[in-house]
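Coordinates as given in run_32.cif (mmCIF, C-alpha atoms):
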```
data_entry
#
loop_
_atom_site.label_atom_id
_atom_site.label_comp_id
_atom_site.auth_asym_id
_atom_site.auth_seq_id
_atom_site.Cartn_x
_atom_site.Cartn_y
_atom_site.Cartn_z
CA MET A 1 -14.04 -161.50 -182.19
CA PHE A 2 -13.09 -165.16 -182.61
CA TYR A 3 -14.57 -165.29 -186.10
CA TYR A 4 -12.09 -162.72 -187.45
CA LEU A 5 -9.21 -164.13 -185.40
CA PHE A 6 -9.75 -167.57 -186.90
CA LYS A 7 -10.05 -166.00 -190.36
CA LEU A 8 -6.58 -164.51 -189.93
CA LEU A 9 -5.26 -167.92 -188.90
CA GLY A 10 -7.09 -169.68 -191.74
CA ASP A 11 -4.03 -170.02 -194.01
CA THR A 12 -1.78 -171.29 -191.23
CA THR A 13 -1.10 -174.87 -190.17
CA ILE A 14 -2.64 -174.36 -186.71
CA PRO A 15 -5.09 -177.23 -186.06
CA GLY A 16 -8.72 -176.10 -186.14
CA ALA A 17 -7.93 -172.73 -187.71
CA ARG A 18 -10.49 -173.25 -190.48
CA LEU A 19 -13.35 -174.37 -188.25
CA MET A 20 -14.95 -170.93 -188.44
CA ASP A 21 -15.49 -171.49 -192.16
CA TYR A 22 -18.19 -174.04 -191.35
CA ILE A 23 -21.68 -172.80 -190.55
CA THR A 24 -22.50 -176.04 -188.75
CA PHE A 25 -19.55 -175.62 -186.36
CA ARG A 26 -20.27 -171.97 -185.63
CA SER A 27 -23.99 -172.67 -185.17
CA GLY A 28 -23.26 -175.49 -182.72
CA ALA A 29 -20.79 -173.30 -180.87
CA ALA A 30 -23.30 -170.43 -180.75
CA PHE A 31 -25.97 -172.70 -179.28
CA VAL A 32 -23.69 -174.13 -176.58
CA LEU A 33 -22.22 -170.73 -175.71
CA SER A 34 -25.61 -169.01 -175.45
CA LEU A 35 -26.95 -171.87 -173.32
CA ILE A 36 -24.00 -171.62 -170.94
CA VAL A 37 -24.22 -167.83 -170.78
CA ALA A 38 -27.98 -167.90 -170.07
CA ILE A 39 -27.63 -170.47 -167.27
CA PHE A 40 -24.59 -168.94 -165.58
CA ILE A 41 -25.44 -165.25 -165.82
CA GLY A 42 -29.13 -165.99 -165.31
CA ARG A 43 -28.71 -166.77 -161.63
CA ARG A 44 -26.72 -163.58 -161.04
CA ILE A 45 -29.23 -161.40 -162.89
CA ILE A 46 -32.15 -162.96 -161.00
CA ASP A 47 -30.37 -162.26 -157.69
CA ARG A 48 -29.82 -158.65 -158.71
CA LEU A 49 -33.44 -158.26 -159.76
CA GLN A 50 -34.54 -159.64 -156.39
CA LEU A 51 -32.23 -157.28 -154.52
CA GLY A 52 -33.55 -154.40 -156.59
CA GLN A 53 -37.13 -155.57 -155.88
CA VAL A 54 -37.85 -155.76 -159.59
CA GLY A 55 -40.80 -158.08 -158.99
CA GLU A 56 -43.98 -158.78 -160.87
CA ILE A 57 -47.08 -157.07 -159.45
CA ILE A 58 -49.89 -159.58 -159.91
CA ARG A 59 -53.55 -158.64 -160.15
CA ASP A 60 -55.90 -161.22 -158.68
CA LEU A 61 -57.74 -162.70 -161.66
CA GLY A 62 -59.04 -165.71 -159.79
CA LEU A 63 -56.57 -168.15 -161.35
CA GLU A 64 -55.26 -171.07 -159.33
CA GLY A 65 -51.80 -170.40 -157.88
CA GLN A 66 -51.68 -166.96 -159.47
CA MET A 67 -51.10 -164.88 -156.34
CA LYS A 68 -48.13 -167.06 -155.36
CA LYS A 69 -46.28 -165.48 -158.28
CA THR A 70 -46.41 -161.99 -156.78
CA GLY A 71 -42.90 -160.67 -156.33
CA THR A 72 -41.31 -163.06 -158.85
CA PRO A 73 -38.51 -161.11 -160.58
CA THR A 74 -39.41 -159.80 -164.01
CA MET A 75 -37.35 -158.18 -166.78
CA GLY A 76 -35.63 -161.56 -167.20
CA GLY A 77 -35.62 -160.93 -170.93
CA ILE A 78 -32.26 -159.26 -170.25
CA ILE A 79 -30.86 -162.77 -169.81
CA ILE A 80 -32.12 -163.81 -173.25
CA ILE A 81 -30.76 -160.70 -174.97
CA ILE A 82 -27.30 -160.98 -173.41
CA ALA A 83 -27.14 -164.71 -174.18
CA ILE A 84 -27.93 -163.95 -177.84
CA LEU A 85 -25.55 -161.03 -178.25
CA ILE A 86 -22.41 -162.58 -176.75
CA PRO A 87 -22.16 -165.59 -179.12
CA CYS A 88 -23.09 -163.47 -182.14
CA LEU A 89 -20.44 -160.88 -181.35
CA LEU A 90 -17.80 -163.55 -180.72
CA ILE A 91 -18.36 -166.01 -183.57
CA GLY A 92 -20.74 -164.22 -185.93
CA ASN A 93 -19.78 -162.52 -189.19
CA LEU A 94 -20.55 -158.91 -188.28
CA SER A 95 -20.05 -157.74 -191.86
CA ASN A 96 -23.02 -159.84 -193.00
CA VAL A 97 -26.08 -157.65 -193.56
CA TYR A 98 -28.44 -160.36 -192.34
CA MET A 99 -26.59 -160.68 -189.03
CA ILE A 100 -26.52 -156.88 -188.65
CA LEU A 101 -30.29 -156.63 -189.15
CA MET A 102 -30.95 -159.34 -186.57
CA LEU A 103 -28.74 -157.62 -184.01
CA VAL A 104 -30.50 -154.30 -184.69
CA ALA A 105 -33.89 -155.98 -184.23
CA THR A 106 -32.74 -157.55 -180.95
CA LEU A 107 -31.48 -154.29 -179.47
CA TRP A 108 -34.36 -152.21 -180.86
CA LEU A 109 -37.17 -154.32 -179.43
CA GLY A 110 -35.16 -155.15 -176.30
CA THR A 111 -34.95 -151.44 -175.54
CA LEU A 112 -38.67 -150.98 -176.26
CA GLY A 113 -39.60 -153.84 -173.92
CA PHE A 114 -37.16 -152.69 -171.24
CA LEU A 115 -38.75 -149.23 -171.18
CA ASP A 116 -42.18 -150.82 -170.77
CA ASP A 117 -41.02 -153.02 -167.87
CA TYR A 118 -39.13 -150.15 -166.23
CA ILE A 119 -42.22 -147.95 -166.17
CA LYS A 120 -44.33 -150.80 -164.76
CA VAL A 121 -41.91 -151.78 -162.02
CA HIS A 122 -40.01 -148.66 -161.00
CA ARG A 123 -42.73 -146.10 -161.63
CA HIS A 124 -45.48 -148.45 -160.42
CA ASP A 125 -47.58 -147.80 -163.51
CA LYS A 126 -49.31 -151.10 -164.39
CA ASP A 127 -50.01 -149.86 -167.93
CA GLY A 128 -46.32 -149.40 -168.70
CA LEU A 129 -45.29 -147.73 -171.94
CA LYS A 130 -48.27 -146.37 -173.81
CA GLY A 131 -49.53 -148.72 -176.49
CA LYS A 132 -49.10 -146.16 -179.26
CA PHE A 133 -45.38 -145.85 -178.49
CA LYS A 134 -44.97 -149.63 -178.65
CA VAL A 135 -46.69 -149.71 -182.03
CA ILE A 136 -44.59 -146.79 -183.29
CA GLY A 137 -41.45 -148.67 -182.24
CA GLN A 138 -42.59 -151.85 -183.98
CA ILE A 139 -43.52 -149.94 -187.13
CA GLY A 140 -40.11 -148.26 -187.02
CA LEU A 141 -38.35 -151.60 -186.96
CA GLY A 142 -40.53 -152.87 -189.80
CA LEU A 143 -39.53 -149.86 -191.89
CA ILE A 144 -35.83 -150.39 -191.14
CA VAL A 145 -35.99 -154.03 -192.17
CA GLY A 146 -38.17 -153.51 -195.24
CA LEU A 147 -36.22 -150.55 -196.58
CA THR A 148 -32.86 -152.21 -195.92
CA MET A 149 -33.99 -155.22 -197.94
CA LEU A 150 -34.92 -152.83 -200.74
CA ILE A 151 -31.74 -150.75 -200.68
CA SER A 152 -28.96 -153.15 -199.67
CA PRO A 153 -27.15 -154.69 -202.68
CA SER A 154 -26.20 -157.66 -200.47
CA ILE A 155 -29.79 -158.84 -200.07
CA THR A 156 -30.73 -160.78 -203.19
CA THR A 157 -32.37 -164.05 -204.22
CA ARG A 158 -32.20 -166.68 -206.92
CA GLN A 159 -35.56 -168.14 -207.72
CA ASN A 160 -35.96 -171.80 -208.53
CA VAL A 161 -37.55 -172.96 -211.79
CA GLU A 162 -38.52 -176.47 -212.86
CA VAL A 163 -37.50 -177.46 -216.39
CA LEU A 164 -37.96 -180.63 -218.38
CA THR A 165 -34.82 -182.48 -219.45
CA GLY A 166 -34.23 -185.10 -222.10
CA GLU A 167 -37.46 -186.19 -223.68
CA GLY A 168 -39.53 -184.58 -220.96
CA GLU A 169 -39.38 -187.57 -218.66
CA GLU A 170 -37.41 -185.87 -215.90
CA ILE A 171 -37.81 -182.57 -214.09
CA GLU A 172 -34.74 -180.63 -213.03
CA VAL A 173 -34.59 -177.60 -210.73
CA VAL A 174 -32.45 -174.76 -212.07
CA TYR A 175 -31.77 -171.28 -210.74
CA GLN A 176 -31.46 -167.88 -212.33
CA THR A 177 -27.90 -167.29 -213.53
CA GLU A 178 -27.61 -164.04 -211.56
CA ASN A 179 -28.77 -162.82 -208.18
CA THR A 180 -31.82 -160.58 -208.42
CA LYS A 181 -33.43 -158.03 -206.12
CA GLU A 182 -37.18 -158.37 -206.08
CA PRO A 183 -39.98 -158.44 -203.48
CA SER A 184 -40.44 -162.20 -203.63
CA THR A 185 -41.21 -164.76 -200.97
CA THR A 186 -42.10 -168.39 -200.37
CA ILE A 187 -45.72 -169.47 -200.33
CA PRO A 188 -47.19 -172.94 -199.81
CA PHE A 189 -49.47 -174.92 -202.10
CA VAL A 190 -48.19 -173.44 -205.39
CA LYS A 191 -45.68 -174.62 -207.99
CA ASN A 192 -42.06 -173.65 -207.13
CA HIS A 193 -43.42 -172.04 -203.94
CA ASN A 194 -42.53 -168.55 -205.18
CA PHE A 195 -44.68 -165.45 -204.93
CA ASP A 196 -43.75 -161.99 -206.18
CA TYR A 197 -45.52 -159.08 -204.50
CA THR A 198 -45.21 -157.24 -207.82
CA SER A 199 -48.03 -159.44 -209.12
CA LEU A 200 -50.36 -157.48 -206.83
CA SER A 201 -49.35 -154.15 -208.36
CA LYS A 202 -49.32 -154.94 -212.09
CA TRP A 203 -52.04 -152.34 -212.56
CA MET A 204 -49.39 -149.71 -211.79
CA GLY A 205 -47.70 -150.38 -215.14
CA LYS A 206 -44.07 -149.30 -215.19
CA TYR A 207 -44.27 -148.60 -211.45
CA ALA A 208 -45.35 -152.17 -210.67
CA GLN A 209 -41.96 -153.05 -209.15
CA THR A 210 -42.12 -150.02 -206.85
CA GLY A 211 -45.66 -150.94 -205.90
CA GLY A 212 -44.53 -154.48 -205.11
CA TRP A 213 -41.87 -153.21 -202.73
CA ILE A 214 -44.38 -150.89 -201.03
CA ILE A 215 -46.72 -153.84 -200.45
CA PHE A 216 -43.79 -155.89 -199.17
CA VAL A 217 -42.76 -153.21 -196.66
CA LEU A 218 -46.36 -152.94 -195.42
CA VAL A 219 -46.47 -156.72 -194.94
CA VAL A 220 -43.18 -156.53 -193.02
CA ILE A 221 -44.55 -153.83 -190.70
CA PHE A 222 -47.76 -155.80 -190.08
CA LEU A 223 -45.96 -159.07 -189.33
CA VAL A 224 -43.38 -157.51 -187.02
CA THR A 225 -46.14 -155.81 -185.05
CA ALA A 226 -48.51 -158.81 -184.96
CA THR A 227 -45.85 -161.39 -184.08
CA SER A 228 -44.21 -159.21 -181.44
CA ASN A 229 -47.55 -158.52 -179.76
CA GLY A 230 -48.57 -162.17 -180.12
CA ALA A 231 -45.48 -163.35 -178.26
CA ASN A 232 -46.15 -160.69 -175.65
CA LEU A 233 -49.70 -161.99 -175.06
CA THR A 234 -48.52 -165.63 -175.04
CA ASP A 235 -46.13 -164.84 -172.19
CA GLY A 236 -48.70 -165.50 -169.46
CA LEU A 237 -47.79 -168.93 -168.12
CA ASP A 238 -44.47 -170.30 -166.88
CA GLY A 239 -42.41 -171.46 -169.87
CA LEU A 240 -45.20 -171.00 -172.41
CA ALA A 241 -43.71 -168.28 -174.62
CA THR A 242 -40.16 -169.56 -174.04
CA GLY A 243 -40.80 -173.14 -175.13
CA THR A 244 -43.10 -172.21 -178.00
CA SER A 245 -40.56 -169.72 -179.36
CA ALA A 246 -37.74 -172.28 -179.13
CA ILE A 247 -39.76 -174.68 -181.29
CA ILE A 248 -40.50 -171.94 -183.84
CA GLY A 249 -36.84 -170.89 -183.81
CA THR A 250 -35.69 -174.44 -184.52
CA ALA A 251 -37.98 -174.68 -187.55
CA LEU A 252 -36.75 -171.33 -188.88
CA ALA A 253 -33.12 -172.32 -188.36
CA VAL A 254 -33.62 -175.42 -190.51
CA MET A 255 -35.30 -173.31 -193.22
CA ALA A 256 -32.45 -170.79 -193.15
CA TYR A 257 -29.84 -173.53 -193.44
CA LEU A 258 -31.59 -175.14 -196.40
CA GLY A 259 -32.32 -171.83 -198.15
CA GLY A 260 -28.75 -170.62 -197.72
CA ASN A 261 -27.23 -173.69 -199.38
CA ILE A 262 -27.70 -173.89 -203.13
CA ILE A 263 -27.34 -177.69 -203.18
CA TYR A 264 -30.07 -178.30 -200.62
CA SER A 265 -32.21 -175.54 -202.11
CA SER A 266 -32.04 -177.19 -205.50
CA TYR A 267 -32.78 -180.63 -204.10
CA LEU A 268 -35.84 -179.38 -202.20
CA ASN A 269 -36.90 -176.97 -204.97
CA ILE A 270 -36.93 -173.86 -202.78
CA MET A 271 -35.64 -170.32 -203.23
CA TYR A 272 -31.88 -169.86 -202.76
CA ILE A 273 -30.86 -166.79 -200.72
CA PRO A 274 -27.12 -166.03 -200.98
CA GLY A 275 -25.50 -165.01 -197.70
CA SER A 276 -28.47 -165.96 -195.53
CA GLU A 277 -26.67 -168.97 -194.08
CA GLU A 278 -25.17 -166.63 -191.47
CA LEU A 279 -28.65 -166.39 -189.96
CA VAL A 280 -28.32 -169.99 -188.77
CA VAL A 281 -25.59 -168.86 -186.37
CA TYR A 282 -27.87 -166.17 -184.98
CA MET A 283 -30.85 -168.51 -184.62
CA ALA A 284 -28.71 -171.14 -182.89
CA ALA A 285 -27.78 -168.50 -180.30
CA PHE A 286 -31.47 -167.54 -180.01
CA ILE A 287 -32.53 -171.14 -179.36
CA GLY A 288 -29.72 -171.68 -176.85
CA ALA A 289 -30.68 -168.49 -175.01
CA LEU A 290 -34.33 -169.61 -174.77
CA VAL A 291 -33.44 -173.09 -173.56
CA GLY A 292 -31.07 -171.59 -170.97
CA PHE A 293 -33.73 -169.14 -169.85
CA LEU A 294 -36.23 -172.01 -169.59
CA TRP A 295 -33.97 -173.44 -166.88
CA TYR A 296 -35.29 -170.67 -164.62
CA ASN A 297 -38.60 -169.92 -166.34
CA ALA A 298 -40.07 -173.45 -166.25
CA TYR A 299 -42.89 -174.07 -163.77
CA PRO A 300 -42.69 -172.82 -161.08
CA ALA A 301 -40.89 -169.85 -162.61
CA GLN A 302 -38.03 -168.21 -160.75
CA VAL A 303 -38.10 -165.28 -163.18
CA PHE A 304 -40.41 -163.82 -165.83
CA MET A 305 -39.09 -162.49 -169.11
CA GLY A 306 -41.37 -159.45 -169.03
CA ASP A 307 -41.92 -157.31 -172.10
CA THR A 308 -38.12 -157.03 -172.33
CA GLY A 309 -38.13 -160.62 -173.50
CA SER A 310 -41.55 -161.24 -175.03
CA LEU A 311 -41.63 -158.24 -177.37
CA THR A 312 -38.07 -159.04 -178.41
CA ILE A 313 -38.49 -162.74 -179.19
CA GLY A 314 -41.68 -162.11 -181.18
CA GLY A 315 -39.97 -159.43 -183.24
CA ILE A 316 -36.89 -161.61 -183.76
CA ILE A 317 -39.03 -164.44 -185.12
CA ALA A 318 -40.85 -162.11 -187.52
CA VAL A 319 -37.72 -160.37 -188.82
CA PHE A 320 -35.89 -163.68 -189.22
CA ALA A 321 -38.75 -165.20 -191.24
CA ILE A 322 -38.89 -162.08 -193.42
CA LEU A 323 -35.14 -162.19 -194.15
CA ILE A 324 -35.29 -165.83 -195.28
CA ARG A 325 -38.41 -165.03 -197.35
CA LYS A 326 -40.70 -167.31 -195.34
CA GLU A 327 -42.94 -164.62 -193.82
CA LEU A 328 -46.10 -165.99 -195.42
CA LEU A 329 -45.53 -169.27 -193.57
CA LEU A 330 -45.78 -167.50 -190.20
CA PRO A 331 -49.59 -167.83 -189.97
CA ILE A 332 -49.03 -171.59 -189.77
CA LEU A 333 -45.76 -171.72 -187.83
CA CYS A 334 -46.74 -168.99 -185.34
CA ALA A 335 -50.43 -169.84 -185.20
CA ILE A 336 -50.31 -169.94 -181.39
CA PHE A 337 -49.15 -166.31 -181.26
CA TYR A 338 -51.77 -165.15 -183.73
CA ILE A 339 -54.59 -167.10 -182.05
CA GLU A 340 -53.64 -165.45 -178.76
CA ASP A 341 -53.81 -162.09 -180.56
CA LEU A 342 -57.14 -162.97 -182.17
CA SER A 343 -58.70 -164.20 -178.92
CA VAL A 344 -58.13 -160.81 -177.30
CA ILE A 345 -59.40 -158.90 -180.35
CA LEU A 346 -62.57 -161.03 -180.58
CA GLN A 347 -63.22 -160.82 -176.85
CA VAL A 348 -62.94 -157.04 -176.74
CA ALA A 349 -64.96 -156.54 -179.94
CA TYR A 350 -67.75 -158.90 -178.85
CA PHE A 351 -67.91 -157.31 -175.40
CA LYS A 352 -68.26 -153.81 -176.86
CA ILE A 353 -70.86 -154.85 -179.45
CA THR A 354 -73.05 -156.69 -176.94
CA LYS A 355 -72.75 -153.88 -174.40
CA ARG A 356 -73.90 -151.37 -176.98
CA ARG A 357 -76.78 -153.62 -178.09
CA TYR A 358 -77.95 -155.17 -174.81
CA GLY A 359 -76.61 -152.77 -172.19
CA ALA A 360 -74.30 -155.41 -170.71
CA GLY A 361 -71.18 -156.80 -172.28
CA LYS A 362 -70.86 -160.52 -172.98
CA ARG A 363 -67.79 -162.68 -173.50
CA ILE A 364 -66.81 -165.39 -175.96
CA PHE A 365 -64.11 -166.92 -173.75
CA LYS A 366 -64.02 -167.20 -169.98
CA MET A 367 -60.84 -165.12 -170.08
CA THR A 368 -58.24 -163.94 -172.58
CA PRO A 369 -55.52 -164.32 -173.78
CA LEU A 370 -56.67 -167.81 -174.70
CA HIS A 371 -54.33 -169.74 -172.39
CA HIS A 372 -56.12 -168.24 -169.37
CA HIS A 373 -59.44 -169.57 -170.68
CA TYR A 374 -58.26 -173.08 -169.81
CA GLN A 375 -57.36 -172.06 -166.27
CA LYS A 376 -60.91 -170.97 -165.43
CA PRO A 377 -63.42 -173.59 -164.26
CA SER A 378 -66.88 -173.54 -165.81
CA GLY A 379 -69.42 -171.30 -164.07
CA THR A 380 -66.93 -168.78 -162.71
CA MET A 381 -67.36 -166.51 -165.71
CA GLU A 382 -70.31 -166.09 -168.07
CA ALA A 383 -69.10 -166.84 -171.60
CA LEU A 384 -70.26 -168.44 -174.84
CA ILE A 385 -67.56 -171.12 -174.63
CA GLN A 386 -67.48 -172.94 -171.29
CA ARG A 387 -65.34 -175.93 -172.19
CA PRO A 388 -63.24 -177.21 -170.59
CA TYR A 389 -65.57 -177.37 -167.59
CA ALA A 390 -62.80 -178.04 -165.10
CA ALA A 391 -59.68 -175.87 -164.77
CA ILE A 392 -56.54 -177.40 -166.31
CA PRO A 393 -53.28 -177.18 -164.32
CA GLU A 394 -50.87 -174.57 -165.63
CA SER A 395 -48.03 -177.00 -166.37
CA LYS A 396 -50.35 -179.22 -168.45
CA ILE A 397 -51.58 -176.23 -170.49
CA VAL A 398 -47.99 -175.24 -171.24
CA VAL A 399 -46.93 -178.74 -172.36
CA ARG A 400 -50.03 -179.07 -174.56
CA PHE A 401 -49.27 -175.73 -176.22
CA TRP A 402 -45.72 -176.97 -176.84
CA ILE A 403 -47.13 -180.10 -178.49
CA VAL A 404 -49.38 -177.96 -180.69
CA GLY A 405 -46.32 -175.85 -181.57
CA LEU A 406 -44.42 -178.98 -182.65
CA ILE A 407 -47.34 -180.09 -184.81
CA LEU A 408 -47.53 -176.65 -186.44
CA ALA A 409 -43.79 -176.75 -187.17
CA VAL A 410 -44.17 -180.12 -188.91
CA VAL A 411 -47.23 -178.92 -190.84
CA THR A 412 -45.27 -175.85 -191.99
CA PHE A 413 -42.64 -178.08 -193.62
CA VAL A 414 -45.25 -180.42 -195.04
CA THR A 415 -47.00 -177.52 -196.84
CA LEU A 416 -43.86 -176.97 -198.89
CA LYS A 417 -44.30 -180.40 -200.44
CA ILE A 418 -47.99 -179.95 -201.25
CA ARG A 419 -48.51 -178.34 -204.66
#
```

Spell out the structure here as structure tokens.
Amino acid sequence: MFYYLFKLLGDTTIPGARLMDYITFRSGAAFVLSLIVAIFIGRRIIDRLQLGQVGEIIRDLGLEGQMKKTGTPTMGGIIIIIAILIPCLLIGNLSNVYMILMLVATLWLGTLGFLDDYIKVHRHDKDGLKGKFKVIGQIGLGLIVGLTMLISPSITTRQNVEVLTGEGEEIEVVYQTENTKEPSTTIPFVKNHNFDYTSLSKWMGKYAQTGGWIIFVLVVIFLVTATSNGANLTDGLDGLATGTSAIIGTALAVMAYLGGNIIYSSYLNIMYIPGSEELVVYMAAFIGALVGFLWYNAYPAQVFMGDTGSLTIGGIIAVFAILIRKELLLPILCAIFYIEDLSVILQVAYFKITKRRYGAGKRIFKMTPLHHHYQKPSGTMEALIQRPYAAIPESKIVVRFWIVGLILAVVTFVTLKIR
């Protein structure tokens, strides 16, 4: 582990021995290393997947160019996972509880997604791992993260408070004198941007703090499940989930860097989270892995990430946001994932309701998840929403979703300045 090797050399006169003390250096190194690993091992893994005939079995859904993708190697999420793990193990601080939780989340959901892909490809079962087992796995990870944040003495916060100085003409941001452990988070549109889940359980009296943590853990479970499944549904077009996730990851990395530095936290009037700066190293590796994977996953894709990748990256995003206490910003930042989720839920619900009422099911969209709706020309499917009337090329849909993702990332930061 280079991190610990450089630590041992830190007091010597060897040039560059103290570089590992700087988060910016290690984050940059993690990004470059993960990018290189993803590109160089990616080709070898794709070749092995092709030799092993680990190809995607495509159902004909009437989408332009869809059947040409039959046989494209899947399970490419292995590339992403390896490209994340190698830099983190080499230059990450493995004694940091935040880094440990992110590595656990990566391996946990990576294994869950791998099992799903393995059943689909090698056992020729298009349904893969039963949905209930996926949900159980996601709930399990949510419990691990939520309970660790409750129990671990290393996971604390210092909330920011605005005070008047002098004759009340200036406002200064100060922090609590000691680190505290409480189920608090960041929320937009309110003063100081702080929200304590305990405020929802005040009716429990002396057990209000316990009630707050219970609510927090339930929120963690819900967000891990929703975000993981949302990323899974978004992974339907070449480069869509990969590029969107890289944009989200970049925004979260900036938030983690600012929240882990007491100077920047004070300047921006946001919650300070001691020790969370190590998460920037992890997220840099995550972004580098996605960009490297995009080298092969961009249209026309040479490999698909499969559930091995999509379930993992969605869970990583959720857990990361939870650890930096920005989980309530996910509905804005990850709106694409949640809209994809919602489109499927609405479509299924509306179809069942209309079938029960009229004897024949009706649709809201031409096809779901939502990105497929834009691939269908008007008139090919009876639905309430027919626009756009002409099918949009896949590459254009992907780029437009990326643009929307960039806008959402900007809006997420802007909300922190609106009070």

**For Met75 in chain A: contacts at 12 Å, only C-alpha atoms, fewer than 6 positions along chain excluded, given as a ChimeraX atom specification** = /A:42,45-46,48-50,52-56,81,110-122,293,297,302-312

**Request:** Select, from A:Val145, A:Ile403, A:Val190, A:Ala289, the residue with the minimum atom-to-atom distance to Lys417 in chain A, counting all atoms listed in the file.
**Result:** A:Val190

**Asked** So how many Å separate CA of Asp235 in chain A and CA of Ala285 in chain A, to one decimal?
**Response** 20.4 Å

**Asked** Quick one: which residues end up in the PyMOL selection byres ((chain A and resi 340) around 8) for this structure, as a list in words?
**Response**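 For this structure, the PyMOL selection byres ((chain A and resi 340) around 8) resolves to Gly230, Leu233, Thr234, Ile336, Phe337, Tyr338, Ile339, Asp341, Leu342, Ser343, Val344, Thr368, Pro369, Leu370 and His371 of chain A.
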
**Nearest-residue call for Lys376 in chain A, choices A:Ala391, A:Ile273, A:Ala318, A:Ile151, using only C-alpha atoms** =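 Counting only C-alpha atoms, the residue closest to Lys376 in chain A is A:Ala391.
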
**Asked** Suppose you want the space between CA of Phe413 in chain A and CA of Ile155 in chain A; what is it in Å?
**Response**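 We find that CA of Phe413 in chain A and CA of Ile155 in chain A lie 24.0 Å from each other.
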
**Request:** Dig up all the protein and nucleic acid residues within 10 Å of (-58.9, -173.2, -168.6) in the file frame, using only C-alpha atoms, and format them as number ranges by chain.
**Result:** A: 63, 365-367, 370-378, 386-394, 397

**Request:** Give me the result of the PyMOL selection byres ((chain A and resi 198-212) around 12) on this file, residue by residue, as number ranges by chain.
**Result:** A: 146-147, 150, 181-185, 194-197, 213-219

**Request:** Have a look at A:Leu94, A:Met271, A:Leu333, A:Met102 and name the one nearest to Met283 in chain A; count all atoms listed in the file.
**Result:**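 Checking each of A:Leu94, A:Met271, A:Leu333, A:Met102 against Met283 in chain A, counting all atoms listed in the file, the winner is A:Met102.
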
**Request:** Starting from the shown file, work through the PyMOL selection byres ((chain A and resi 260) around 8) and note down what comes out as a list in words.
**Result:**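 When the PyMOL selection byres ((chain A and resi 260) around 8) is applied to the shown file, the picked residues are Ala256, Tyr257, Leu258, Gly259, Asn261, Ile262, Ser265, Tyr272, Ile273, Pro274, Gly275, Ser276 and Glu277 of chain A.
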
Written selection (C-alpha atoms) as a compact mmCIF listing (two decimals), in the frame of the given file:
```txt
# COMPACT_ATOMS: atom_id res chain seq x y z
CA ALA A 256 -32.45 -170.79 -193.15
CA TYR A 257 -29.84 -173.53 -193.44
CA LEU A 258 -31.59 -175.14 -196.40
CA GLY A 259 -32.32 -171.83 -198.15
CA ASN A 261 -27.23 -173.69 -199.38
CA ILE A 262 -27.70 -173.89 -203.13
CA SER A 265 -32.21 -175.54 -202.11
CA TYR A 272 -31.88 -169.86 -202.76
CA ILE A 273 -30.86 -166.79 -200.72
CA PRO A 274 -27.12 -166.03 -200.98
CA GLY A 275 -25.50 -165.01 -197.70
CA SER A 276 -28.47 -165.96 -195.53
CA GLU A 277 -26.67 -168.97 -194.08
```

**Asked** Quick one, how far is CA of Ser34 in chain A from CA of Gly314 in chain A?
**Response**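 Computing the Euclidean distance for CA of Ser34 in chain A and CA of Gly314 in chain A yields 18.4 Å.
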
**Asked** Within 6 Å of (-43.6, -168.5, -195.9), in the coordinates the file gives, what residues turn up when you count only C-alpha atoms, written out as a PyMOL selection string?
**Response** chain A and resi 186-187+326-329

**Prompt:** Closest to Ala246 in chain A among A:Ile287, A:Ile345, A:Ala226, A:Met99, using all atoms listed in the file?
**Reply:**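 Smallest distance to Ala246 in chain A is found for A:Ile287.
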
**Prompt:** Quick one: of A:Ile248, A:Val398, A:Ala301, A:Val319, who's nearest to Ala335 in chain A, counting only C-alpha atoms?
**Reply:**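 Looking at the shortest contact to Ala335 in chain A, the residue is A:Ile248.
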
**Item:** Nearby residues (all atoms listed in the file) at most 12 Å from Ala38 in chain A, same-chain spacing under 3 positions excluded, as a PyMOL selection string
**Value:** chain A and resi 30-35+41-46+76-87+285-297

**Minimum-distance residue to Tyr22 in chain A, chosen among A:Ser152, A:Ser245, A:Ser228, A:Asn93 (using all atoms listed in the file)** =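 Once distances to Tyr22 in chain A are computed over all atoms listed in the file, the minimum belongs to A:Asn93.
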
Please complete range 278-283 of chain A so it has N, CA and C atoms, and hand it over as a PDB file, in the coordinates of the input.
```
ATOM      1  N   GLU A 278     -25.671-167.213-192.725  1.00  0.00           N
ATOM      2  CA  GLU A 278     -25.170-166.630-191.470  1.00  0.00           C
ATOM      3  C   GLU A 278     -26.285-166.526-190.424  1.00  0.00           C
ATOM      4  N   LEU A 279     -27.516-166.476-190.884  1.00  0.00           N
ATOM      5  CA  LEU A 279     -28.650-166.390-189.960  1.00  0.00           C
ATOM      6  C   LEU A 279     -28.777-167.632-189.096  1.00  0.00           C
ATOM      7  N   VAL A 280     -28.246-168.755-189.564  1.00  0.00           N
ATOM      8  CA  VAL A 280     -28.320-169.990-188.770  1.00  0.00           C
ATOM      9  C   VAL A 280     -27.526-169.823-187.474  1.00  0.00           C
ATOM     10  N   VAL A 281     -26.402-169.114-187.565  1.00  0.00           N
ATOM     11  CA  VAL A 281     -25.590-168.860-186.370  1.00  0.00           C
ATOM     12  C   VAL A 281     -26.391-168.035-185.370  1.00  0.00           C
ATOM     13  N   TYR A 282     -27.060-167.000-185.867  1.00  0.00           N
ATOM     14  CA  TYR A 282     -27.870-166.170-184.980  1.00  0.00           C
ATOM     15  C   TYR A 282     -28.988-166.990-184.338  1.00  0.00           C
ATOM     16  N   MET A 283     -29.714-167.764-185.149  1.00  0.00           N
ATOM     17  CA  MET A 283     -30.850-168.510-184.620  1.00  0.00           C
ATOM     18  C   MET A 283     -30.412-169.585-183.635  1.00  0.00           C
TER      19      MET A 283
END
```
